[in-house]
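Engineer: Below: one structure in structure tokens.
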Amino acid sequence: MLRPASGMPDLSVTVGQIEAAAELLDRGRGPFAVDAERASGFRYSNRAYLIQIRRAGAGTVLIDPVSHGGEPATALQPVAEVLRQDEWILHSADQDLPCLAEVGMRPSALYDTELAGRLAGFDRVNLATMVERLLGLGWPRATARPTGPSVHCHRPG
């Protein structure tokens with residue numbers, strides 16, 4: 001599990017690329033797996049610097065919500081509209097929902113895998129542990145050095 005089976009998706013940065021990502025997601029079916037990467041460990045802001053979305057039949061899209069040069073909620077509106085079509089699946093939703101709402105993305109329905117783990121009685125509910133216990137799949141620890149291309153996010157000015 002070092003790389004996505006379908007290859008590394010391109011990063012959607014421009015408004016045109018974000019619209020194309022929305023069209024791709026719209027052609028998929030079922031719920032959306034959503035994750036936001038924040039830079040709160042490096043910055044005082046808790047804003048999203050990378051949004052990852054996966055949907056059956058559409059694959060994975062990576063969106064840079066910062067570098068498009070416009071108002072984030074306006075630039076990301078096409079994706080936000082598509083995301084309202086179905087349920088979102090997140091891990092630790094309380095961590096990602098505020099920064100996603102900041103860019104206009106709000107779920108119509110939500111499934112939080114961390115909360116599900118707590119309700120199911122798991123003693124450890126981090127995503128890696130739950131995936132390993134439930135599916136028998138493991139992945140490298142977060143301390144491992146990245147092996148793929150890195151995403152350089154725009155510095156807020």
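Chains: A, B, ... in order of the structure tokens. Residues: from 1 per chain. Ligands: from 1, in order shown.
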Within 12 Å of Glu114 of chain A, counting only C-alpha atoms, which residues qualify if same-chain residues fewer than 5 places away don't, as an NGL selection string?
Structural biologist: :A and (89-95 or 119-131)
Engineer: For the alpha helix (DSSP H) assignment from backbone DSSP, which residues of segment 24-80 of chain A qualify? Please present them as a ChimeraX atom specification.
Structural biologist: /A:24-26,72-75,77-80
Engineer: Go ahead and write the residues just picked, N, CA and C atoms, as an mmCIF file, in the first residue's frame.
Structural biologist:
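So the final result, stored in again-v3.cif, reads:
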```
data_model
loop_
_atom_site.group_PDB
_atom_site.id
_atom_site.type_symbol
_atom_site.label_atom_id
_atom_site.label_comp_id
_atom_site.auth_asym_id
_atom_site.auth_seq_id
_atom_site.Cartn_x
_atom_site.Cartn_y
_atom_site.Cartn_z
ATOM 1 N N LEU A 24 -15.325 14.447 -12.749
ATOM 2 C CA LEU A 24 -14.888 13.065 -12.542
ATOM 3 C C LEU A 24 -15.629 12.446 -11.356
ATOM 4 N N LEU A 25 -15.691 13.155 -10.244
ATOM 5 C CA LEU A 25 -16.396 12.650 -9.062
ATOM 6 C C LEU A 25 -17.884 12.467 -9.335
ATOM 7 N N ASP A 26 -18.455 13.337 -10.150
ATOM 8 C CA ASP A 26 -19.878 13.253 -10.480
ATOM 9 C C ASP A 26 -20.199 11.986 -11.268
ATOM 10 N N PRO A 72 -11.474 30.512 -1.885
ATOM 11 C CA PRO A 72 -11.591 29.050 -1.831
ATOM 12 C C PRO A 72 -13.015 28.523 -1.986
ATOM 13 N N ALA A 73 -13.984 29.101 -1.291
ATOM 14 C CA ALA A 73 -15.354 28.589 -1.374
ATOM 15 C C ALA A 73 -15.912 28.728 -2.784
ATOM 16 N N THR A 74 -15.523 29.774 -3.500
ATOM 17 C CA THR A 74 -15.984 29.969 -4.877
ATOM 18 C C THR A 74 -15.283 28.991 -5.814
ATOM 19 N N ALA A 75 -13.974 28.890 -5.713
ATOM 20 C CA ALA A 75 -13.209 28.001 -6.594
ATOM 21 C C ALA A 75 -13.592 26.541 -6.397
ATOM 22 N N GLN A 77 -16.536 25.405 -5.304
ATOM 23 C CA GLN A 77 -17.981 25.196 -5.353
ATOM 24 C C GLN A 77 -18.393 24.013 -6.234
ATOM 25 N N PRO A 78 -17.796 23.807 -7.420
ATOM 26 C CA PRO A 78 -18.206 22.647 -8.225
ATOM 27 C C PRO A 78 -18.011 21.318 -7.489
ATOM 28 N N VAL A 79 -16.922 21.185 -6.763
ATOM 29 C CA VAL A 79 -16.670 19.959 -6.000
ATOM 30 C C VAL A 79 -17.641 19.872 -4.825
ATOM 31 N N ALA A 80 -17.859 20.986 -4.144
ATOM 32 C CA ALA A 80 -18.777 21.003 -2.996
ATOM 33 C C ALA A 80 -20.176 20.561 -3.410
#
```
Engineer: Using only C-alpha atoms for the distances, tell me which of A:Leu97, A:Met8, A:Ala58, A:Leu110 is nearest to Arg29 of chain A.
Structural biologist: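 Looking only at the distances to Arg29 of chain A, the closest residue turns out to be A:Ala58.
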Engineer: Which residues are near Arg55 of chain A? Cut-off 7 Å, only C-alpha atoms, ignore same chain within fewer than 5 positions. Put them as a ChimeraX atom specification.
Structural biologist: /A:25,28-33,60
Engineer: Determine the nearest neighbour of Val103 of chain A from the options A:Ile53, A:Leu134, A:Ser6, A:Leu76, counting only C-alpha atoms.
Structural biologist: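 Result for the nearest residue to Val103 of chain A: A:Leu76.
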Engineer: Which residues of segment 53-155 of chain A have any atom within 9 Å of an atom in segment 13-17 of chain A when counting only C-alpha atoms, and what is the closest pair of atoms for each, with the distance in Å to one decimal? Order the rows by chain and rising number and write it as a Markdown table.
Structural biologist:
```
| residue | atom | partner | partner_atom | distance |
| --- | --- | --- | --- | --- |
| A:Leu62 | CA | A:Val13 | CA | 8.8 |
| A:Ile63 | CA | A:Val13 | CA | 6.3 |
| A:Asp64 | CA | A:Val13 | CA | 5.2 |
| A:Pro65 | CA | A:Val13 | CA | 7.3 |
| A:Val66 | CA | A:Val13 | CA | 8.0 |
| A:Ser67 | CA | A:Val13 | CA | 6.2 |
| A:His68 | CA | A:Thr14 | CA | 4.9 |
| A:Gly69 | CA | A:Thr14 | CA | 8.1 |
| A:Gly70 | CA | A:Val15 | CA | 8.5 |
| A:Ala75 | CA | A:Val15 | CA | 5.9 |
| A:Leu76 | CA | A:Val15 | CA | 7.9 |
```
Engineer: Going by DSSP on the backbone, which residues of segment 25-143 of chain A come out as strand (DSSP E)? List them as number ranges by chain.
Structural biologist: A: 29-38, 48-56, 59-63, 88-90, 110-112
Engineer: Just to confirm, what's the straight-line distance from atom CA of Ala36 of chain A to atom CA of Gly117 of chain A in Å (one decimal)?
Structural biologist: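 It comes out at 19.9 Å.
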Engineer: Closest to Tyr49 of chain A among A:Val61, A:Val82, A:Cys99, A:Ala20, using only C-alpha atoms?
Structural biologist: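 Distance minimum relative to Tyr49 of chain A lands on A:Cys99.
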Engineer: What's the separation between atom CA of Arg54 of chain A and atom CA of Arg27 of chain A, in Å to one decimal place?
Structural biologist: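 It comes out at 11.9 Å.
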